[in-house]
Amino acid sequence: MSDWLNPGLAHLWLPYTQMKTAPAPLPVAASAGVRLKLADGRELIDGISSWWTACHGYNHPHIREAVAAQLETLPHVMFAGLVHEPAARLASRLAALLPGDLERVFFTESGSVSVEVALKMAIQYWRNRGRAEKKRIVCFRHGYHGDTFATMALCDPEDGMHTLFAGSMPEQILAELPDTPEMAAAFDRLLATHAERIAAVIIEPLVQGAGGMQMHDAATLAFIADACRRHEVLLIADEIMTGFGRSGRMFACEEAAQLGDFVPDILCLSKALTGGTLPLAATVARRHVFEAFLADDPAAALMHGPTYMANPLACAAANASLDLFAGEPRLAQVAAIEAQLRDDLASCAEIRGVAEVRVKGAIAAVELAGRIDLDAMRRRFPELGVWIRPFGRIVYLMPPFVIGGGDLATLTGAVRRVLTERAATL
Ligand SMILES: *Cc1c(COP(=O)(O)O)cnc(C)c1O
């Protein structure tokens, strides 16, 4: 078939993959709209937007043109001592879109690194203010914040990485989501007890992603923000997954802002930032956070700077993606997707071996109970013409926002079918 496939597979190391037993990866040759085209000519409807990035579908002409034009003039340049138009425009636009005075943008190349930068900002913020002992981070069960060492330490401890790398990671403080009055009191006590050592609380607002697709409401988020304020702890919102419309609003934090004064101190963005075209991430700080780094002391400056930070091609793609959010009805599309996901997947709750169906914005998660054969499901979905990749106990859909009702029905139909087939084996 492809002359590169087998020779290349002998040398590739794939992510989170037991390469002895996992199904062979599918060779993909091209993408367009909501479809992936395989090397053998088959087409799959993409239900997960390439790890939640391709919000406008693949190969959107507006993004392609912006990247091509940027390639002609300035593909890359270092970002220390030099700045360029794509990054400057993008920073201004993000500041204008984000709530409150979240207005200082630090660009990196991946979500994990944007979280690492947020951690550095939080810890150095307190150090610069003479409180160097405030350096622990509070994270939540079922959270996911990345794969690097410091971010791994903030992920749910049951996902395996914690035991594997115990002793090599900074120790952080794990909390339960305060979504009942008792849990709220417990969370408040936790902060009260440890506030002197805590730099920040980090949360994925409204929807926790890769740690198990758990969902909480805006009131819980508003309570966490209020507790942080009362106990002098910074709040980091990891919107890497939820940012750019996925939860139903442009940013999930906006939903809590409806309930009162809610602006996280630091906010992380990545995944859909470039519409799924190029790697880019941003850590955005509020004015008071930035101001804590202004001093005559050079050592008070933020100590970070990735080689490829603010890559102009990636910034051009991100600007083009923001044009599409401004010019096309993305949030209305998300609302329509949410309604259809609720209707189409409601009946999944009746299938044997299904624990719960959860929907928020353009995110649907079906949590499974009982024995789970992930590899079998991962083999079966492409046979049905769809690209859906369950993980842990979760089968989920996070389609591109431009998907039509018919294609979405094909995705939800495939989920129902695979779960029904599985039920017969339980
Ligand atoms: C994906 C993700 C990350 C990590 O981003 P990478 O680009 O994979 O490093 C961090 N936080 C959340 C919420 C994510 O969904």
# chains A, B, ... in the order shown; residues from 1 in each chain; ligands from 1
call {"tool": "select_by_dssp", "arguments": {"residues": "region 140-377 of chain A", "states": "helix (DSSP H, G or I)", "output": "number ranges by chain"}}
result
A: 149-152, 157-159, 161-164, 181-197, 218-230, 253-257, 271-274, 287-291, 298-300, 312-327, 330-350, 374-377
call {"tool": "residues_near_ligand", "arguments": {"ligand": "ligand 1", "cutoff": "8 Å", "atoms": "only C-alpha atoms and all ligand atoms", "output": "PyMOL selection string"}}
result
chain A and resi 51+109-115+143-148+151+204+208-210+238-242+268+270-271+279+281
call {"tool": "write_last_selection", "arguments": {"atoms": "N, CA, C and O atoms", "output": "mmCIF file, in the first residue's frame"}}
result
data_model
loop_
_atom_site.group_PDB
_atom_site.id
_atom_site.type_symbol
_atom_site.label_atom_id
_atom_site.label_comp_id
_atom_site.auth_asym_id
_atom_site.auth_seq_id
_atom_site.Cartn_x
_atom_site.Cartn_y
_atom_site.Cartn_z
ATOM 1 N N TRP A 51 -7.645 15.550 18.902
ATOM 2 C CA TRP A 51 -7.396 15.983 20.278
ATOM 3 C C TRP A 51 -7.940 17.394 20.515
ATOM 4 O O TRP A 51 -7.302 18.237 21.145
ATOM 5 N N GLU A 109 4.641 26.774 23.086
ATOM 6 C CA GLU A 109 4.292 25.907 21.948
ATOM 7 C C GLU A 109 3.409 24.730 22.313
ATOM 8 O O GLU A 109 2.999 23.990 21.430
ATOM 9 N N SER A 110 3.139 24.505 23.581
ATOM 10 C CA SER A 110 2.233 23.403 23.912
ATOM 11 C C SER A 110 1.477 23.702 25.189
ATOM 12 O O SER A 110 1.889 24.539 26.006
ATOM 13 N N GLY A 111 0.373 22.993 25.351
ATOM 14 C CA GLY A 111 -0.454 23.203 26.530
ATOM 15 C C GLY A 111 0.305 22.941 27.818
ATOM 16 O O GLY A 111 0.244 23.735 28.767
ATOM 17 N N SER A 112 1.020 21.810 27.856
ATOM 18 C CA SER A 112 1.760 21.478 29.084
ATOM 19 C C SER A 112 2.704 22.609 29.460
ATOM 20 O O SER A 112 2.811 22.982 30.634
ATOM 21 N N VAL A 113 3.400 23.154 28.469
ATOM 22 C CA VAL A 113 4.364 24.209 28.771
ATOM 23 C C VAL A 113 3.635 25.480 29.204
ATOM 24 O O VAL A 113 4.109 26.204 30.087
ATOM 25 N N SER A 114 2.454 25.734 28.651
ATOM 26 C CA SER A 114 1.717 26.924 29.101
ATOM 27 C C SER A 114 1.309 26.772 30.560
ATOM 28 O O SER A 114 1.261 27.759 31.301
ATOM 29 N N VAL A 115 1.038 25.543 30.988
ATOM 30 C CA VAL A 115 0.723 25.318 32.410
ATOM 31 C C VAL A 115 1.995 25.473 33.246
ATOM 32 O O VAL A 115 1.970 26.077 34.324
ATOM 33 N N GLY A 143 -8.481 15.757 37.420
ATOM 34 C CA GLY A 143 -7.907 16.816 36.587
ATOM 35 C C GLY A 143 -6.851 16.271 35.641
ATOM 36 O O GLY A 143 -6.298 15.178 35.834
ATOM 37 N N TYR A 144 -6.592 17.048 34.601
ATOM 38 C CA TYR A 144 -5.473 16.754 33.689
ATOM 39 C C TYR A 144 -4.870 18.086 33.249
ATOM 40 O O TYR A 144 -5.583 18.976 32.783
ATOM 41 N N HIS A 145 -3.558 18.227 33.421
ATOM 42 C CA HIS A 145 -2.924 19.494 33.050
ATOM 43 C C HIS A 145 -1.682 19.326 32.205
ATOM 44 O O HIS A 145 -0.991 20.311 31.940
ATOM 45 N N GLY A 146 -1.374 18.099 31.770
ATOM 46 C CA GLY A 146 -0.242 17.935 30.871
ATOM 47 C C GLY A 146 0.636 16.754 31.240
ATOM 48 O O GLY A 146 0.399 16.067 32.237
ATOM 49 N N ASP A 147 1.657 16.548 30.431
ATOM 50 C CA ASP A 147 2.510 15.357 30.539
ATOM 51 C C ASP A 147 3.916 15.654 31.044
ATOM 52 O O ASP A 147 4.704 14.726 31.241
ATOM 53 N N THR A 148 4.284 16.911 31.196
ATOM 54 C CA THR A 148 5.627 17.215 31.693
ATOM 55 C C THR A 148 5.637 16.983 33.209
ATOM 56 O O THR A 148 4.588 16.792 33.817
ATOM 57 N N THR A 151 3.475 19.308 35.461
ATOM 58 C CA THR A 151 2.043 19.230 35.171
ATOM 59 C C THR A 151 1.488 17.839 35.502
ATOM 60 O O THR A 151 0.348 17.713 35.945
ATOM 61 N N GLU A 204 -9.576 23.034 35.613
ATOM 62 C CA GLU A 204 -10.162 23.093 34.271
ATOM 63 C C GLU A 204 -11.614 23.526 34.471
ATOM 64 O O GLU A 204 -12.422 22.741 34.973
ATOM 65 N N GLN A 208 -13.644 18.881 33.192
ATOM 66 C CA GLN A 208 -12.309 18.305 33.303
ATOM 67 C C GLN A 208 -12.159 17.336 32.131
ATOM 68 O O GLN A 208 -13.004 16.479 31.915
ATOM 69 N N GLY A 209 -11.110 17.483 31.361
ATOM 70 C CA GLY A 209 -10.991 16.739 30.107
ATOM 71 C C GLY A 209 -10.377 15.367 30.254
ATOM 72 O O GLY A 209 -11.019 14.402 30.659
ATOM 73 N N ALA A 210 -9.088 15.278 29.947
ATOM 74 C CA ALA A 210 -8.429 13.985 29.793
ATOM 75 C C ALA A 210 -8.377 13.169 31.075
ATOM 76 O O ALA A 210 -8.059 11.981 31.038
ATOM 77 N N ASP A 238 -7.218 26.493 33.673
ATOM 78 C CA ASP A 238 -6.644 25.769 32.533
ATOM 79 C C ASP A 238 -7.762 25.587 31.509
ATOM 80 O O ASP A 238 -8.550 24.645 31.603
ATOM 81 N N GLU A 239 -7.840 26.520 30.549
ATOM 82 C CA GLU A 239 -8.881 26.463 29.502
ATOM 83 C C GLU A 239 -8.309 25.887 28.213
ATOM 84 O O GLU A 239 -8.786 26.202 27.113
ATOM 85 N N ILE A 240 -7.291 25.054 28.345
ATOM 86 C CA ILE A 240 -6.670 24.479 27.142
ATOM 87 C C ILE A 240 -7.686 23.665 26.348
ATOM 88 O O ILE A 240 -7.717 23.717 25.124
ATOM 89 N N MET A 241 -8.548 22.931 27.064
ATOM 90 C CA MET A 241 -9.588 22.189 26.365
ATOM 91 C C MET A 241 -10.846 23.019 26.159
ATOM 92 O O MET A 241 -11.441 23.017 25.088
ATOM 93 N N THR A 242 -11.277 23.760 27.202
ATOM 94 C CA THR A 242 -12.582 24.431 27.130
ATOM 95 C C THR A 242 -12.547 25.722 26.325
ATOM 96 O O THR A 242 -13.590 26.165 25.839
ATOM 97 N N CYS A 268 -4.758 29.551 30.927
ATOM 98 C CA CYS A 268 -3.972 28.845 29.909
ATOM 99 C C CYS A 268 -4.843 28.488 28.714
ATOM 100 O O CYS A 268 -5.975 28.030 28.875
ATOM 101 N N SER A 270 -4.629 26.639 24.617
ATOM 102 C CA SER A 270 -3.828 26.001 23.563
ATOM 103 C C SER A 270 -4.764 25.315 22.578
ATOM 104 O O SER A 270 -5.397 25.999 21.791
ATOM 105 N N LYS A 271 -4.900 24.029 22.666
ATOM 106 C CA LYS A 271 -5.662 23.182 21.737
ATOM 107 C C LYS A 271 -6.303 23.881 20.516
ATOM 108 O O LYS A 271 -5.769 23.789 19.437
ATOM 109 N N PRO A 279 1.118 24.128 16.316
ATOM 110 C CA PRO A 279 1.213 24.149 17.781
ATOM 111 C C PRO A 279 1.432 25.553 18.321
ATOM 112 O O PRO A 279 2.287 26.288 17.821
ATOM 113 N N ALA A 281 0.487 27.886 22.254
ATOM 114 C CA ALA A 281 -0.225 27.994 23.527
ATOM 115 C C ALA A 281 0.018 29.381 24.085
ATOM 116 O O ALA A 281 0.940 30.084 23.660
#
call {"tool": "closest_residue", "arguments": {"among": "A:Phe325, A:Phe187, A:Tyr308, A:Tyr58", "to": "Met250 (chain A)", "atoms": "only C-alpha atoms"}}
result
A:Phe325
call {"tool": "residues_around", "arguments": {"residues": "Ala364 (chain A)", "least_positions_apart": "6", "cutoff": "8 Å", "atoms": "only C-alpha atoms", "output": "PyMOL selection string"}}
result
chain A and resi 341+357-358+396-398
call {"tool": "select_by_dssp", "arguments": {"residues": "region 200-277 of chain A", "states": "strand (DSSP E or B)", "output": "PDB file with C-alpha atoms, in the first residue's frame"}}
result
ATOM      1  CA  ALA A 200      -2.292  28.731  43.480  1.00  0.00           C
ATOM      2  CA  VAL A 201      -5.276  26.514  42.804  1.00  0.00           C
ATOM      3  CA  ILE A 202      -5.498  25.143  39.259  1.00  0.00           C
ATOM      4  CA  ILE A 203      -8.736  23.987  37.654  1.00  0.00           C
ATOM      5  CA  VAL A 207     -15.303  20.348  32.200  1.00  0.00           C
ATOM      6  CA  MET A 215     -18.395  18.194  34.695  1.00  0.00           C
ATOM      7  CA  LEU A 234      -4.040  32.670  43.020  1.00  0.00           C
ATOM      8  CA  LEU A 235      -6.489  30.902  40.713  1.00  0.00           C
ATOM      9  CA  ILE A 236      -5.220  29.370  37.472  1.00  0.00           C
ATOM     10  CA  ALA A 237      -7.901  28.451  34.915  1.00  0.00           C
ATOM     11  CA  ASP A 238      -6.644  25.769  32.533  1.00  0.00           C
ATOM     12  CA  ILE A 266      -3.883  33.290  35.196  1.00  0.00           C
ATOM     13  CA  LEU A 267      -5.463  31.471  32.259  1.00  0.00           C
ATOM     14  CA  CYS A 268      -3.972  28.845  29.909  1.00  0.00           C
ATOM     15  CA  LEU A 269      -4.992  28.366  26.282  1.00  0.00           C
TER      16      LEU A 269
END
call {"tool": "residues_around", "arguments": {"residues": "Arg131 (chain A)", "least_positions_apart": "6", "cutoff": "12 Å", "atoms": "only C-alpha atoms", "output": "list in words"}}
result
Ala122, Ile123, Gln124, Tyr125, Ala195, Glu196, Arg197, Ile198, Ala199, Glu232, Val233 and Ala292 of chain A
call {"tool": "atom_distance", "arguments": {"atom1": "CA of His304 (chain A)", "atom2": "CA of Ala282 (chain A)"}}
result
12.8 Å
call {"tool": "atom_distance", "arguments": {"atom1": "CA of Arg189 (chain A)", "atom2": "CA of Phe140 (chain A)"}}
result
15.1 Å
call {"tool": "atom_distance", "arguments": {"atom1": "CA of Leu191 (chain A)", "atom2": "CA of His231 (chain A)"}}
result
6.5 Å
call {"tool": "residues_around", "arguments": {"residues": "Ala150 (chain A)", "least_positions_apart": "4", "cutoff": "8 Å", "atoms": "only C-alpha atoms", "output": "PDB file with N, CA, C and O atoms, in the first residue's frame"}}
result
ATOM      1  N   GLU A 116       3.110  24.930  32.742  1.00  0.00           N
ATOM      2  CA  GLU A 116       4.380  25.113  33.471  1.00  0.00           C
ATOM      3  C   GLU A 116       4.647  26.612  33.682  1.00  0.00           C
ATOM      4  O   GLU A 116       5.078  27.032  34.759  1.00  0.00           O
ATOM      5  N   LEU A 154       0.037  17.414  38.755  1.00  0.00           N
ATOM      6  CA  LEU A 154      -1.266  18.047  38.982  1.00  0.00           C
ATOM      7  C   LEU A 154      -2.405  17.210  38.423  1.00  0.00           C
ATOM      8  O   LEU A 154      -3.555  17.613  38.462  1.00  0.00           O
ATOM      9  N   MET A 169       8.511  13.862  40.978  1.00  0.00           N
ATOM     10  CA  MET A 169       7.655  15.020  40.679  1.00  0.00           C
ATOM     11  C   MET A 169       7.516  15.888  41.920  1.00  0.00           C
ATOM     12  O   MET A 169       7.577  15.374  43.024  1.00  0.00           O
ATOM     13  N   PRO A 170       7.283  17.192  41.716  1.00  0.00           N
ATOM     14  CA  PRO A 170       6.965  18.019  42.882  1.00  0.00           C
ATOM     15  C   PRO A 170       5.673  17.508  43.512  1.00  0.00           C
ATOM     16  O   PRO A 170       4.762  17.094  42.801  1.00  0.00           O
TER      17      PRO A 170
END
call {"tool": "residues_around", "arguments": {"residues": "Tyr16 (chain A)", "least_positions_apart": "4", "cutoff": "12 Å", "atoms": "only C-alpha atoms", "output": "PDB file with all heavy atoms, in the first residue's frame"}}
result
ATOM      1  N   ALA A  22      -1.308  -2.888  20.774  1.00  0.00           N
ATOM      2  CA  ALA A  22      -2.301  -1.932  20.263  1.00  0.00           C
ATOM      3  C   ALA A  22      -2.601  -2.202  18.794  1.00  0.00           C
ATOM      4  O   ALA A  22      -1.752  -2.706  18.062  1.00  0.00           O
ATOM      5  CB  ALA A  22      -1.781  -0.506  20.430  1.00  0.00           C
ATOM      6  N   ASP A 147       1.657  16.548  30.431  1.00  0.00           N
ATOM      7  CA  ASP A 147       2.510  15.357  30.539  1.00  0.00           C
ATOM      8  C   ASP A 147       3.916  15.654  31.044  1.00  0.00           C
ATOM      9  O   ASP A 147       4.704  14.726  31.241  1.00  0.00           O
ATOM     10  CB  ASP A 147       2.636  14.685  29.164  1.00  0.00           C
ATOM     11  CG  ASP A 147       1.365  13.978  28.761  1.00  0.00           C
ATOM     12  OD1 ASP A 147       0.412  13.966  29.567  1.00  0.00           O
ATOM     13  OD2 ASP A 147       1.319  13.431  27.647  1.00  0.00           O
ATOM     14  N   ASP A 159      -4.374   7.907  37.448  1.00  0.00           N
ATOM     15  CA  ASP A 159      -4.175   7.598  36.035  1.00  0.00           C
ATOM     16  C   ASP A 159      -2.849   6.889  35.763  1.00  0.00           C
ATOM     17  O   ASP A 159      -2.487   6.653  34.628  1.00  0.00           O
ATOM     18  CB  ASP A 159      -4.299   8.861  35.162  1.00  0.00           C
ATOM     19  CG  ASP A 159      -3.125   9.795  35.349  1.00  0.00           C
ATOM     20  OD1 ASP A 159      -2.226   9.473  36.134  1.00  0.00           O
ATOM     21  OD2 ASP A 159      -3.121  10.860  34.696  1.00  0.00           O
ATOM     22  N   GLY A 160      -2.136   6.521  36.825  1.00  0.00           N
ATOM     23  CA  GLY A 160      -0.968   5.663  36.610  1.00  0.00           C
ATOM     24  C   GLY A 160       0.347   6.397  36.615  1.00  0.00           C
ATOM     25  O   GLY A 160       1.342   5.886  37.106  1.00  0.00           O
ATOM     26  N   MET A 161       0.365   7.637  36.073  1.00  0.00           N
ATOM     27  CA  MET A 161       1.639   8.339  35.966  1.00  0.00           C
ATOM     28  C   MET A 161       2.218   8.638  37.352  1.00  0.00           C
ATOM     29  O   MET A 161       3.424   8.672  37.523  1.00  0.00           O
ATOM     30  CB  MET A 161       1.482   9.630  35.176  1.00  0.00           C
ATOM     31  CG  MET A 161       1.090   9.379  33.735  1.00  0.00           C
ATOM     32  SD  MET A 161       1.390  10.790  32.656  1.00  0.00           S
ATOM     33  CE  MET A 161       0.151  11.944  33.189  1.00  0.00           C
ATOM     34  N   PHE A 391     -10.937   6.577  25.849  1.00  0.00           N
ATOM     35  CA  PHE A 391      -9.805   6.413  26.769  1.00  0.00           C
ATOM     36  C   PHE A 391     -10.366   6.124  28.160  1.00  0.00           C
ATOM     37  O   PHE A 391     -11.485   6.530  28.480  1.00  0.00           O
ATOM     38  CB  PHE A 391      -8.913   7.660  26.789  1.00  0.00           C
ATOM     39  CG  PHE A 391      -9.577   8.879  27.388  1.00  0.00           C
ATOM     40  CD1 PHE A 391      -9.486   9.141  28.752  1.00  0.00           C
ATOM     41  CD2 PHE A 391     -10.306   9.749  26.593  1.00  0.00           C
ATOM     42  CE1 PHE A 391     -10.110  10.262  29.317  1.00  0.00           C
ATOM     43  CE2 PHE A 391     -10.928  10.864  27.147  1.00  0.00           C
ATOM     44  CZ  PHE A 391     -10.833  11.118  28.503  1.00  0.00           C
ATOM     45  N   GLY A 392      -9.587   5.431  28.976  1.00  0.00           N
ATOM     46  CA  GLY A 392     -10.039   5.143  30.339  1.00  0.00           C
ATOM     47  C   GLY A 392     -11.401   4.488  30.324  1.00  0.00           C
ATOM     48  O   GLY A 392     -11.615   3.480  29.660  1.00  0.00           O
TER      49      GLY A 392
END
call {"tool": "residues_around", "arguments": {"residues": "Gly260 (chain A)", "least_positions_apart": "5", "cutoff": "10 Å", "atoms": "only C-alpha atoms", "output": "ChimeraX atom specification"}}
result
/A:219,222,226,255
call {"tool": "write_last_selection", "arguments": {"atoms": "N, CA, C and O atoms", "output": "PDB file, in the first residue's frame"}}
result
ATOM      1  N   ALA A 219     -21.531  27.533  39.608  1.00  0.00           N
ATOM      2  CA  ALA A 219     -21.560  27.938  41.017  1.00  0.00           C
ATOM      3  C   ALA A 219     -20.352  27.346  41.754  1.00  0.00           C
ATOM      4  O   ALA A 219     -19.760  27.996  42.628  1.00  0.00           O
ATOM      5  N   ALA A 222     -17.417  29.434  40.850  1.00  0.00           N
ATOM      6  CA  ALA A 222     -17.469  30.734  41.520  1.00  0.00           C
ATOM      7  C   ALA A 222     -17.091  30.583  42.990  1.00  0.00           C
ATOM      8  O   ALA A 222     -16.395  31.433  43.561  1.00  0.00           O
ATOM      9  N   ASP A 226     -13.967  32.381  44.931  1.00  0.00           N
ATOM     10  CA  ASP A 226     -14.173  33.178  46.133  1.00  0.00           C
ATOM     11  C   ASP A 226     -13.274  32.689  47.272  1.00  0.00           C
ATOM     12  O   ASP A 226     -12.663  33.487  47.994  1.00  0.00           O
ATOM     13  N   GLU A 255     -19.003  31.688  32.093  1.00  0.00           N
ATOM     14  CA  GLU A 255     -20.244  31.219  32.702  1.00  0.00           C
ATOM     15  C   GLU A 255     -20.271  31.537  34.200  1.00  0.00           C
ATOM     16  O   GLU A 255     -21.320  31.858  34.749  1.00  0.00           O
TER      17      GLU A 255
END
call {"tool": "decode", "arguments": {"residues": "region 105-115 of chain A", "atoms": "all heavy atoms", "output": "mmCIF file, in the first residue's frame"}}
result
data_model
loop_
_atom_site.group_PDB
_atom_site.id
_atom_site.type_symbol
_atom_site.label_atom_id
_atom_site.label_comp_id
_atom_site.auth_asym_id
_atom_site.auth_seq_id
_atom_site.Cartn_x
_atom_site.Cartn_y
_atom_site.Cartn_z
ATOM 1 N N VAL A 105 0.011 38.435 27.726
ATOM 2 C CA VAL A 105 0.042 37.121 27.070
ATOM 3 C C VAL A 105 1.475 36.642 26.895
ATOM 4 O O VAL A 105 2.310 37.353 26.314
ATOM 5 C CB VAL A 105 -0.639 37.203 25.685
ATOM 6 C CG1 VAL A 105 -0.704 35.820 25.049
ATOM 7 C CG2 VAL A 105 -2.036 37.806 25.814
ATOM 8 N N PHE A 106 1.755 35.452 27.403
ATOM 9 C CA PHE A 106 3.064 34.812 27.215
ATOM 10 C C PHE A 106 2.844 33.596 26.323
ATOM 11 O O PHE A 106 2.116 32.665 26.685
ATOM 12 C CB PHE A 106 3.650 34.396 28.570
ATOM 13 C CG PHE A 106 5.084 33.952 28.492
ATOM 14 C CD1 PHE A 106 6.120 34.843 28.745
ATOM 15 C CD2 PHE A 106 5.408 32.647 28.141
ATOM 16 C CE1 PHE A 106 7.452 34.438 28.658
ATOM 17 C CE2 PHE A 106 6.730 32.240 28.046
ATOM 18 C CZ PHE A 106 7.758 33.129 28.303
ATOM 19 N N PHE A 107 3.485 33.583 25.135
ATOM 20 C CA PHE A 107 3.259 32.496 24.184
ATOM 21 C C PHE A 107 4.250 31.350 24.384
ATOM 22 O O PHE A 107 5.445 31.591 24.635
ATOM 23 C CB PHE A 107 3.392 33.011 22.748
ATOM 24 C CG PHE A 107 2.254 33.896 22.329
ATOM 25 C CD1 PHE A 107 2.448 35.252 22.087
ATOM 26 C CD2 PHE A 107 0.975 33.380 22.185
ATOM 27 C CE1 PHE A 107 1.403 36.068 21.701
ATOM 28 C CE2 PHE A 107 -0.090 34.192 21.803
ATOM 29 C CZ PHE A 107 0.130 35.540 21.556
ATOM 30 N N THR A 108 3.754 30.121 24.246
ATOM 31 C CA THR A 108 4.617 28.934 24.236
ATOM 32 C C THR A 108 4.129 28.020 23.113
ATOM 33 O O THR A 108 3.305 28.441 22.291
ATOM 34 C CB THR A 108 4.579 28.195 25.592
ATOM 35 O OG1 THR A 108 3.212 27.942 25.923
ATOM 36 C CG2 THR A 108 5.221 29.027 26.684
ATOM 37 N N GLU A 109 4.641 26.774 23.086
ATOM 38 C CA GLU A 109 4.292 25.907 21.948
ATOM 39 C C GLU A 109 3.409 24.730 22.313
ATOM 40 O O GLU A 109 2.999 23.990 21.430
ATOM 41 C CB GLU A 109 5.527 25.354 21.214
ATOM 42 C CG GLU A 109 6.850 25.989 21.495
ATOM 43 C CD GLU A 109 7.471 25.564 22.819
ATOM 44 O OE1 GLU A 109 6.721 25.349 23.792
ATOM 45 O OE2 GLU A 109 8.704 25.458 22.878
ATOM 46 N N SER A 110 3.139 24.505 23.581
ATOM 47 C CA SER A 110 2.233 23.403 23.912
ATOM 48 C C SER A 110 1.477 23.702 25.189
ATOM 49 O O SER A 110 1.889 24.539 26.006
ATOM 50 C CB SER A 110 3.008 22.085 24.070
ATOM 51 O OG SER A 110 3.598 22.025 25.348
ATOM 52 N N GLY A 111 0.373 22.993 25.351
ATOM 53 C CA GLY A 111 -0.454 23.203 26.530
ATOM 54 C C GLY A 111 0.305 22.941 27.818
ATOM 55 O O GLY A 111 0.244 23.735 28.767
ATOM 56 N N SER A 112 1.020 21.810 27.856
ATOM 57 C CA SER A 112 1.760 21.478 29.084
ATOM 58 C C SER A 112 2.704 22.609 29.460
ATOM 59 O O SER A 112 2.811 22.982 30.634
ATOM 60 C CB SER A 112 2.579 20.198 28.884
ATOM 61 O OG SER A 112 1.746 19.116 28.569
ATOM 62 N N VAL A 113 3.400 23.154 28.469
ATOM 63 C CA VAL A 113 4.364 24.209 28.771
ATOM 64 C C VAL A 113 3.635 25.480 29.204
ATOM 65 O O VAL A 113 4.109 26.204 30.087
ATOM 66 C CB VAL A 113 5.305 24.452 27.573
ATOM 67 C CG1 VAL A 113 6.215 25.640 27.832
ATOM 68 C CG2 VAL A 113 6.140 23.205 27.312
ATOM 69 N N SER A 114 2.454 25.734 28.651
ATOM 70 C CA SER A 114 1.717 26.924 29.101
ATOM 71 C C SER A 114 1.309 26.772 30.560
ATOM 72 O O SER A 114 1.261 27.759 31.301
ATOM 73 C CB SER A 114 0.504 27.204 28.215
ATOM 74 O OG SER A 114 -0.562 26.341 28.521
ATOM 75 N N VAL A 115 1.038 25.543 30.988
ATOM 76 C CA VAL A 115 0.723 25.318 32.410
ATOM 77 C C VAL A 115 1.995 25.473 33.246
ATOM 78 O O VAL A 115 1.970 26.077 34.324
ATOM 79 C CB VAL A 115 0.072 23.935 32.630
ATOM 80 C CG1 VAL A 115 -0.130 23.664 34.118
ATOM 81 C CG2 VAL A 115 -1.258 23.850 31.898
#
